[in-house]
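Coordinates from protein11.cif are shown below (mmCIF, C-alpha atoms).
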data_input
#
loop_
_atom_site.label_atom_id
_atom_site.label_comp_id
_atom_site.auth_asym_id
_atom_site.auth_seq_id
_atom_site.Cartn_x
_atom_site.Cartn_y
_atom_site.Cartn_z
CA MET M 1 5.17 -25.26 -25.57
CA LYS M 2 8.84 -25.77 -26.36
CA SER M 3 10.21 -25.77 -29.92
CA THR M 4 13.57 -26.97 -31.20
CA GLU M 5 14.92 -27.53 -34.68
CA LYS M 6 13.72 -31.13 -34.64
CA ALA M 7 10.49 -31.10 -32.66
CA THR M 8 7.85 -29.15 -30.80
CA THR M 9 6.72 -30.34 -27.38
CA SER M 10 3.40 -29.27 -25.90
CA ILE M 11 2.47 -29.95 -22.26
CA LYS M 12 -0.72 -28.95 -20.45
CA LEU M 13 -1.36 -28.82 -16.71
CA ARG M 14 -4.38 -27.96 -14.58
CA LEU M 15 -3.98 -24.53 -13.01
CA ASP M 16 -5.77 -23.84 -9.73
CA ARG M 17 -4.19 -20.52 -8.67
CA PHE M 18 -2.51 -17.71 -10.58
CA ILE M 19 -1.45 -14.13 -9.79
CA GLY M 20 0.05 -11.88 -12.44
CA GLU M 21 0.32 -8.32 -13.70
CA VAL M 22 -0.57 -7.69 -17.34
CA LEU M 23 2.15 -5.75 -19.15
CA ALA M 24 1.37 -2.80 -21.38
CA ASP M 25 4.27 -3.73 -23.64
CA PRO M 26 4.55 -6.29 -25.08
CA PRO M 27 0.78 -6.83 -25.33
CA ARG M 28 -0.96 -10.02 -24.13
CA GLN M 29 1.91 -10.83 -21.79
CA ALA M 30 2.09 -10.76 -17.99
CA LYS M 31 4.59 -10.84 -15.17
CA ALA M 32 3.61 -13.86 -13.08
CA HIS M 33 3.91 -13.84 -9.29
CA LEU M 34 2.26 -17.12 -8.33
CA VAL M 35 1.51 -20.26 -10.34
CA SER M 36 -0.05 -23.34 -8.76
CA VAL M 37 -0.41 -26.37 -11.05
CA MET M 38 -1.11 -30.09 -10.78
CA GLY M 39 -0.15 -32.92 -13.12
CA GLY M 40 2.03 -35.96 -13.64
CA ASP M 41 5.79 -36.29 -13.14
CA THR M 42 6.65 -35.31 -16.72
CA GLN M 43 4.41 -32.25 -16.79
CA ILE M 44 5.58 -30.97 -13.41
CA SER M 45 9.24 -31.49 -14.35
CA ALA M 46 8.67 -29.53 -17.56
CA ILE M 47 7.01 -26.55 -15.87
CA SER M 48 9.64 -26.58 -13.11
CA ALA M 49 12.38 -26.39 -15.76
CA ALA M 50 10.55 -23.58 -17.57
CA ILE M 51 10.29 -21.56 -14.36
CA SER M 52 13.95 -22.11 -13.43
CA MET M 53 15.06 -20.96 -16.90
CA ALA M 54 12.68 -17.94 -16.83
CA ASP M 55 10.88 -19.28 -19.91
CA ARG M 56 7.48 -18.00 -20.93
CA PHE M 57 4.37 -20.19 -21.05
CA MET M 58 0.66 -19.71 -21.69
CA VAL M 59 -1.94 -19.41 -18.93
CA GLU M 60 -5.70 -19.33 -19.36
CA GLY M 61 -8.75 -19.76 -17.18
CA PRO M 62 -12.39 -18.80 -16.63
CA ASP M 63 -12.91 -15.27 -17.97
CA VAL M 64 -9.15 -15.03 -18.62
CA ALA M 65 -8.03 -15.07 -22.24
CA PRO M 66 -4.75 -16.90 -22.96
CA VAL M 67 -1.81 -14.78 -21.86
CA ARG M 68 1.92 -15.49 -22.07
CA VAL M 69 3.58 -15.26 -18.65
CA CYS M 70 6.98 -15.51 -16.97
CA LEU M 71 8.00 -15.58 -13.31
CA GLU M 72 11.30 -13.96 -14.29
CA ARG M 73 14.65 -14.45 -12.54
CA ASN M 74 15.15 -15.99 -9.09
CA ALA M 75 11.67 -17.48 -8.87
CA GLN M 76 11.26 -20.36 -6.43
CA CYS M 77 9.44 -23.65 -6.86
CA PHE M 78 7.87 -25.82 -4.17
CA LYS M 79 6.75 -29.37 -5.00
CA GLY M 80 4.46 -31.82 -3.30
CA SER M 81 2.46 -34.98 -3.94
CA LEU M 82 -1.21 -35.85 -3.50
CA GLN M 83 -2.21 -39.51 -3.25
CA LEU M 84 -5.76 -39.81 -4.54
CA ALA M 85 -8.05 -42.79 -3.98
CA GLY M 86 -8.26 -45.00 -7.06
CA ARG M 87 -5.07 -43.58 -8.58
CA LYS M 88 -1.91 -45.69 -8.69
CA LYS M 89 0.55 -42.83 -9.03
CA PRO M 90 0.37 -39.72 -6.85
CA LEU M 91 -0.67 -36.43 -8.40
CA ARG M 92 2.19 -33.93 -8.38
CA HIS M 93 1.67 -30.35 -7.24
CA LEU M 94 3.97 -27.40 -7.95
CA VAL M 95 3.82 -23.82 -6.70
CA GLY M 96 6.04 -21.26 -8.42
CA ILE M 97 6.53 -17.88 -6.73
CA SER M 98 8.27 -14.78 -8.09
CA GLU M 99 11.20 -13.20 -6.28
CA GLU M 100 9.06 -10.15 -5.44
CA PHE M 101 6.31 -12.23 -3.86
CA VAL M 102 8.76 -14.45 -1.93
CA SER M 103 10.62 -11.46 -0.48
CA GLY M 104 7.45 -9.94 0.94
CA ASN M 105 7.58 -7.58 -2.06
CA MET M 106 8.26 -4.35 -0.15
CA SER M 107 12.05 -4.64 -0.36
CA ALA M 108 11.92 -5.25 -4.11
CA ASN M 109 9.37 -2.51 -4.81
CA PRO M 110 9.08 0.13 -2.08
CA GLY M 111 5.72 1.87 -2.03
CA ARG M 112 3.69 -1.13 -3.20
CA MET M 113 2.48 -4.38 -1.76
CA LEU M 114 1.11 -7.35 -3.70
CA LEU M 115 -1.63 -9.26 -1.86
CA ALA M 116 -3.44 -12.46 -2.83
CA SER M 117 -6.84 -11.18 -1.70
CA SER M 118 -8.81 -7.94 -1.86
CA ASP M 119 -10.80 -8.76 1.29
CA LYS M 120 -10.81 -5.55 3.37
CA GLN M 121 -9.99 -7.34 6.64
CA TYR M 122 -7.08 -9.18 5.02
CA VAL M 123 -5.77 -6.00 3.37
CA TRP M 124 -5.91 -3.99 6.62
CA ALA M 125 -4.30 -6.80 8.66
CA SER M 126 -1.53 -7.17 6.05
CA ILE M 127 -0.78 -3.44 6.03
CA THR M 128 -0.68 -3.10 9.83
CA ASP M 129 1.48 -6.22 10.21
CA SER M 130 3.93 -5.49 7.38
CA TYR M 131 4.45 -1.81 8.17
CA GLY M 132 4.09 -2.03 11.96
CA ILE M 133 1.19 0.42 11.95
CA PRO M 134 -1.04 0.64 15.07
CA GLY M 135 -4.70 0.10 14.43
CA MET M 136 -7.94 -1.60 15.39
CA PRO M 137 -9.52 -4.45 13.38
CA GLU M 138 -12.71 -2.34 13.21
CA TRP M 139 -10.90 0.24 11.08
CA ASP M 140 -10.86 -2.03 8.02
CA ASP M 141 -13.95 -0.35 6.47
CA TRP M 142 -12.46 3.09 6.90
CA PHE M 143 -9.09 2.03 5.48
CA ALA M 144 -10.78 0.39 2.47
CA SER M 145 -12.57 3.68 1.73
CA GLU M 146 -9.27 5.58 2.03
CA LEU M 147 -7.62 3.22 -0.44
CA LYS M 148 -10.49 3.85 -2.85
CA THR M 149 -10.33 7.64 -2.34
CA HIS M 150 -6.59 7.71 -3.00
CA ARG M 151 -6.85 5.16 -5.85
CA ALA M 152 -4.27 3.08 -4.02
CA LEU M 153 -5.90 -0.34 -4.54
CA ILE M 154 -5.30 -1.80 -8.00
CA PRO M 155 -6.78 -5.17 -9.05
CA VAL M 156 -4.39 -7.51 -10.86
CA LEU M 157 -4.93 -10.67 -12.89
CA GLY M 158 -6.00 -13.64 -10.80
CA ILE M 159 -7.31 -17.17 -11.30
CA GLY M 160 -8.75 -18.86 -8.21
CA CYS M 161 -8.11 -15.73 -6.14
CA ASP M 162 -8.69 -11.97 -6.15
CA PRO M 163 -5.23 -10.33 -5.96
CA VAL M 164 -4.52 -6.61 -5.65
CA VAL M 165 -1.59 -4.21 -5.48
CA ILE M 166 -1.67 -1.66 -2.65
CA LYS M 167 0.24 1.51 -3.43
CA GLY M 168 1.51 3.73 -0.64
CA THR M 169 4.20 4.13 2.00
CA LYS M 170 4.12 3.79 5.76
CA GLU M 171 4.31 7.57 6.07
CA GLN M 172 1.26 8.01 3.82
CA PHE M 173 -0.77 5.45 5.75
CA LEU M 174 0.17 7.09 9.06
CA ASP M 175 -0.94 10.46 7.67
CA TRP M 176 -4.31 8.94 6.76
CA LEU M 177 -4.63 7.48 10.26
CA SER M 178 -3.69 10.79 11.87
CA TRP M 179 -6.39 12.56 9.87
CA GLY M 180 -8.89 9.78 10.66
CA VAL M 181 -8.32 10.05 14.41
CA GLU M 182 -8.34 13.87 14.44
CA SER M 183 -11.55 14.03 12.41
CA GLY M 184 -13.25 11.36 14.52
CA ALA M 185 -13.69 9.05 11.53
CA ILE M 186 -11.88 6.28 13.43
CA PRO M 187 -12.51 6.80 17.14
CA PHE M 188 -10.50 4.96 19.73
CA PRO M 189 -12.46 2.57 21.98
CA ARG M 190 -13.64 4.12 25.22
CA GLU M 191 -12.34 1.18 27.22
CA THR M 192 -8.91 -0.35 26.84
CA GLY M 193 -9.82 -3.67 28.39
CA CYS M 194 -7.41 -3.10 31.31
CA THR M 195 -8.89 -3.43 34.79
CA GLY M 196 -6.23 -1.40 36.54
CA GLY M 197 -4.21 -2.34 39.61
CA ARG M 198 -1.46 -1.30 41.95
CA ILE M 199 2.28 -1.24 41.63
#

Could you render the structure as structure tokens?
Amino acid sequence: MKSTEKATTSIKLRLDRFIGEVLADPPRQAKAHLVSVMGGDTQISAISAAISMADRFMVEGPDVAPVRVCLERNAQCFKGSLQLAGRKKPLRHLVGISEEFVSGNMSANPGRMLLASSDKQYVWASITDSYGIPGMPEWDDWFASELKTHRALIPVLGIGCDPVVIKGTKEQFLDWLSWGVESGAIPFPRETGCTGGRI
């Protein structure tokens, strides 16, 4: 909704994905990280302009009360079109992403990582890949329990997804792994898969 001295314009779009962090102050507001919307040319142009000017807009969804959000400065927008059968004009699609999410978030906020899913395999794979940590795919259960023990996995607001923030540094995760290996909680495989040979 945009208000001027002469008029108030209200535009609605269908939202299929959203990731945001609810702010303690001011209340009922959130820092948005991902917004995925679909609509016509006019609606998509309006939301694109709002994102580029760091304007606030309302978001709501199933089990999510209306909340005012903003992607803040340096957010990026990506646009596309979907041609649907029986529709003369294509449906426009826009994805807005915050600077933190675009940058892989670690450089903007050391010690935390924002992920679009809480799935334990996805979380473990993201941590090992982003931090360059050695590990086995089978360790995902153990790592999920460590995150819970250290209260390092924090759910954030999501529509159409289940996003989380992972708190911790590479050094902390390596300490956990060191303890896990020493205690036998995460044993190495007995076979490496190498058949051996001669040099």

Near Ala65 in chain M, counting only C-alpha atoms, which residues have an atom at most 12 Å away, once you skip same-chain residues fewer than 6 positions from it, shown as a count of residues only? 9

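Going from CA of Gln83 in chain M to CA of Gly40 in chain M covers 11.8 Å.
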
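For the file shown, the residue list from the PyMOL selection byres ((chain M and resi 167-184) around 8) reads Pro110, Gly111, Arg112, Met113, Tyr131, Ile133, Glu146, Ala152, Leu153, Ile154, Val165, Ile166, Ala185, Ile186, Pro187 and Phe188 of chain M.
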
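Using the PyMOL selection byres ((chain M and resi 68) around 12) on this structure selects Met1, Gly20, Glu21, Val22, Leu23, Pro26, Pro27, Arg28, Gln29, Ala30, Lys31, Ala32, Asp55, Arg56, Phe57, Met58, Val59, Glu60, Val64, Ala65, Pro66, Val67, Val69, Cys70 and Leu71 of chain M.
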
Under the rule that all atoms listed in the file are counted, which of M:Ala125, M:Ala116, M:Ile51, M:Leu82 is the nearest residue to Gly96 in chain M? M:Ile51

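Using all atoms listed in the file, the smallest distance between any of M:Ile11, M:Ile47, M:Ala24, M:Ala54 and Asn74 in chain M comes from M:Ala54.
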
If the PyMOL selection byres ((chain M and resi 122) around 12) were run on this exact file, what residues would it hold? Put them as a CSV table (one decimal) with C-alpha atoms, keeping the file's coordinate frame.
chain,number,residue,atom,x,y,z
M,115,LEU,CA,-1.6,-9.3,-1.9
M,116,ALA,CA,-3.4,-12.5,-2.8
M,117,SER,CA,-6.8,-11.2,-1.7
M,118,SER,CA,-8.8,-7.9,-1.9
M,119,ASP,CA,-10.8,-8.8,1.3
M,120,LYS,CA,-10.8,-5.6,3.4
M,121,GLN,CA,-10.0,-7.3,6.6
M,123,VAL,CA,-5.8,-6.0,3.4
M,124,TRP,CA,-5.9,-4.0,6.6
M,125,ALA,CA,-4.3,-6.8,8.7
M,126,SER,CA,-1.5,-7.2,6.0
M,127,ILE,CA,-0.8,-3.4,6.0
M,128,THR,CA,-0.7,-3.1,9.8
M,129,ASP,CA,1.5,-6.2,10.2
M,130,SER,CA,3.9,-5.5,7.4
M,137,PRO,CA,-9.5,-4.4,13.4
M,139,TRP,CA,-10.9,0.2,11.1
M,140,ASP,CA,-10.9,-2.0,8.0
M,141,ASP,CA,-14.0,-0.4,6.5
M,143,PHE,CA,-9.1,2.0,5.5
M,144,ALA,CA,-10.8,0.4,2.5
M,162,ASP,CA,-8.7,-12.0,-6.2
M,163,PRO,CA,-5.2,-10.3,-6.0
M,164,VAL,CA,-4.5,-6.6,-5.6

From CA of Asp63 in chain M to CA of Ser145 in chain M the spacing works out at 27.3 Å
